[in-house]
Structure formats: structure tokens, C-alpha cells
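See structure below.
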Amino acid sequence: MLLIGKITDLEADPTLSKHEKLVRGIIASIDEGILVPGDQLPSINVMVKKIGYARKTIVKAYEELKDRGLVESKRVKGYFVISQETKVTLKLALLLYSFYRFQEEFYNTFRKELGKRYQIDVFFHHNNITVFETILSNIKGKYGKYVIAPIDSAETTFLLKAIAPKKLLIIDRYLPMPNEYSYISQEFEESNYAKLVELLPEIRKYKKFVLFFDPSSASPISIRRSFERFISDYGINGDVKKKHVQGSLKKGYTYFCISDSDFWEVLKDCRDHGYEVGKDIGMLSHDDNVVKELVFGGITTISTSFIEMARKAANHVKYGENIQMIIPTNLIRRNSL
């Protein structure tokens, strides 16, 4: 058997562990066309008999090849070659809400920090628990690492606990999980409240403070709670609306947009009315990006650094250290308030 020959050729190298010899021998067989996608690897029992390694050593090697996306295991049938991308160090599944501008920023930084030896497959659940569950079911056992922006629900927690702690990193939204799981997340309620307090003098310049918050969206309810607590604690004339209705803009109001769809609708309305942002109306937005730095003289934002989150996530993937971190929330003052 040519595969066995490739493995035994490495026996003379004292720098390699037995499981490394197995991995390298199989990779060499794939590179040379001895093994191609669809081929079945020898069973663990056959490998024990042919090369004399312990079962756990062979299982460890086969699992590493799974993590790299080169093989997959089929229940009862065994392990099969599924890829010839042998340069890949690790195959990752990245599960996000949607490709919003700030999540694109996360992905681009995450991709750059990891480099070409990591394969990243991206999926979107759109804050839909059925879609979330279907995606997890379809990708279960096919990746070496799962980096997931979760939906805040008990059902999500249950589904994620089925993934081994060392293979899961939770990002973006905090979700209570056992201590052995890693996360790099935002905190919304207290941090958002604190930033609104910092903006109190600017907010008081306007007659009314309006938050656009759609309860059916992916936006955290804790943002609404922080807003309502703020206007109550400081006697602000405020209101929560589901979405901006075109033509309803009021001079002397300040608007807090969580979603970019409301953000653009308000700015379009402002242009149509001939209002000056930062004077006739105030604007505050969530989740910063370069566009908000540039349009209408700059929009004030409350935002987490998704670039920092991506760098921390990439570092965790590369080095595997357990991490439990809340990324700070920043107030970026510009001319819109």
C-alpha cells in the first residue's frame, strides 16, 4: 500500500511524533495523487495492524486532518478524503448575522490577520433561529474551528454546547456559556448608557431625542433599555419609534439610528428638507465605519472596534489560548451633534 510506504518513510526522522508522521504521510499521498477526493483512508484497525501505532495516535492524526478540512468522517463508514488543499493549516466556519458594513470590517481584518494558510467559510443566519440551527447541523464536524456571532436565546446556548469548547469562539454578542468556552464580545446596556451620559450637553440642545429600534431586528434589546433609562434619569423628552418614516423628519430633533437603513433614510430626508446636520437636526449612530466619518461632515457614533475584535479573534485561532473578553465601547465625537 503506497500510503503506508509514505508513512514508514518518515520513521527515521526523530523530530516527528508518531501522529505527525501519520499526518505528513497522508498529506504527501494527497500531494502526489496517491489519494484523491472520495478515497477512503484505511480504518483505524487496519492502521494499528499495518504500522503498529496506538489507536489514540491514529485517531488524533485523522482528527487533525479533519480540522484542516482534508478529510471527513462518515458514521460507521470511516474517513474519506474531501480536499487537496494541503497548504491549509486549519479550516474555519465563520457564522455571522449578515454582511453589514461593520461585520465586513471584522471579516477583512480577520482574514488578513490569519493569512492564506487558514480557510474561512462564511455563513449568515440573519438572526433566524431556524436558519441558525440548520447551518449548524450542516457544518457540524466539518471544521476545525467555529467562530460564531450567536443569537441571544436559550436554544442557541443549547446548540452551541454541542461544539467542543476548544473548537468554538463566540464573537460580537455575549452569550452565557460554561467557563471553558471562549468569547470576544460587546457589552451594550451599561456602556451605551455611559456614552449617552457623556453626550448629555449636546442632546439637551435639541427639543426631542428619538431612537429608532425595531424589536424584530437583530439589534440588542439592551440598547433600547439603556436609552429609556437615560431619558428617564435625566428628564429628556425622548421617544422610541420602530423605524423612520420618510418625510417625518422634525427640525430641532436629534435622532439615534441603530440600523444603517434608518441612518440613510434620515440623511436622505435631511437632504430633501434642506436641514443642516449638527444644527437643524442632531444625528447619533451605532457601529462606526469610514462612511460615517465622511458623510455630512461626520456622524457621531457609539461603537466597538471590530478591527480590534477581529485581531483578538485571529490571535485566539492561531494560538488556541482560552479568552473571555469584552471589547470596550467608544464614543467617537464628530459634527452631527
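Letters A, B, ... mark the chains of the C-alpha cells in the order given; residue numbers begin at 1 per chain; ligand numbers begin at 1, in order shown.
Near region 13-28 of chain A, within 10 Å and counting only C-alpha atoms, sit A:Leu2, A:Leu3, A:Ile4, A:Gly5, A:Lys6, A:Ile7, A:Ile34, A:Leu35, A:Leu41, A:Met47, A:Ile51, A:Tyr53, A:Ala54, A:Lys56, A:Thr57, A:Ile58, A:Val59, A:Lys60, A:Ala61, A:Tyr62, A:Glu63, A:Glu64, A:Leu65, A:Leu70, A:Val81, A:Gln84, A:Glu85, A:Thr86, A:Lys87, not including residues fewer than 6 positions from it in the same chain.
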Would you please give, as an NGL selection string, all residues of region 8-192 of chain A that DSSP assigns to alpha helix (DSSP H) based on the backbone? :A and (8 or 18-31 or 44-51 or 55-67 or 101-114 or 129-139 or 154-160 or 189-192)
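Taking only C-alpha atoms, the non-local environment of Ile203 (chain A) within 8 Å (same-chain residues fewer than 4 positions away omitted) comprises Leu199, Phe209, Thr254, Gly282 and Leu337 of chain A.
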Selected residues written out, N, CA and C atoms, as an mmCIF file, in the first residue's frame:
data_model
loop_
_atom_site.group_PDB
_atom_site.id
_atom_site.type_symbol
_atom_site.label_atom_id
_atom_site.label_comp_id
_atom_site.auth_asym_id
_atom_site.auth_seq_id
_atom_site.Cartn_x
_atom_site.Cartn_y
_atom_site.Cartn_z
ATOM 1 N N LEU A 199 -22.789 62.428 26.328
ATOM 2 C CA LEU A 199 -23.350 63.295 25.292
ATOM 3 C C LEU A 199 -24.482 64.187 25.805
ATOM 4 N N PHE A 209 -35.360 63.675 21.621
ATOM 5 C CA PHE A 209 -34.364 62.648 21.329
ATOM 6 C C PHE A 209 -35.120 61.382 20.907
ATOM 7 N N THR A 254 -33.104 65.349 17.648
ATOM 8 C CA THR A 254 -31.902 64.555 17.395
ATOM 9 C C THR A 254 -32.305 63.089 17.298
ATOM 10 N N GLY A 282 -29.948 66.768 15.004
ATOM 11 C CA GLY A 282 -28.791 66.038 15.516
ATOM 12 C C GLY A 282 -28.834 64.602 15.042
ATOM 13 N N LEU A 337 -23.669 66.347 16.229
ATOM 14 C CA LEU A 337 -24.404 66.688 17.457
ATOM 15 C C LEU A 337 -23.892 68.026 18.005
#
Nearest-residue call for Asp269 (chain A), choices A:Met283, A:Ile231, A:Val290, A:Leu249, using only C-alpha atoms: A:Leu249
For region 239-241 of chain A: contacts at 7 Å, only C-alpha atoms, fewer than 5 positions along chain excluded, given as a ChimeraX atom specification: /A:209-213
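CA of Leu331 (chain A) is found 16.3 Å from CA of Leu294 (chain A).
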Would you give me, as JSON, numbers by chain, the residues in region 73-305 of chain A that DSSP reads as strand (DSSP E or B)? {"A": [73, 74, 78, 79, 80, 81, 90, 91, 92, 93, 94, 95, 96, 118, 119, 120, 121, 122, 123, 124, 145, 146, 147, 148, 168, 169, 170, 171, 172, 173, 182, 183, 184, 185, 186, 208, 209, 210, 211, 212, 238, 239, 240, 241, 253, 254, 255, 256, 257, 277, 281, 282, 283, 284, 285, 286, 300, 301, 302, 303, 304]}
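Residues surrounding Ser217 (chain A) within 10 Å are His126, Asn127, Asn128, Lys242 and Ser259 of chain A [only C-alpha atoms; sequence separation below 6 positions excluded].
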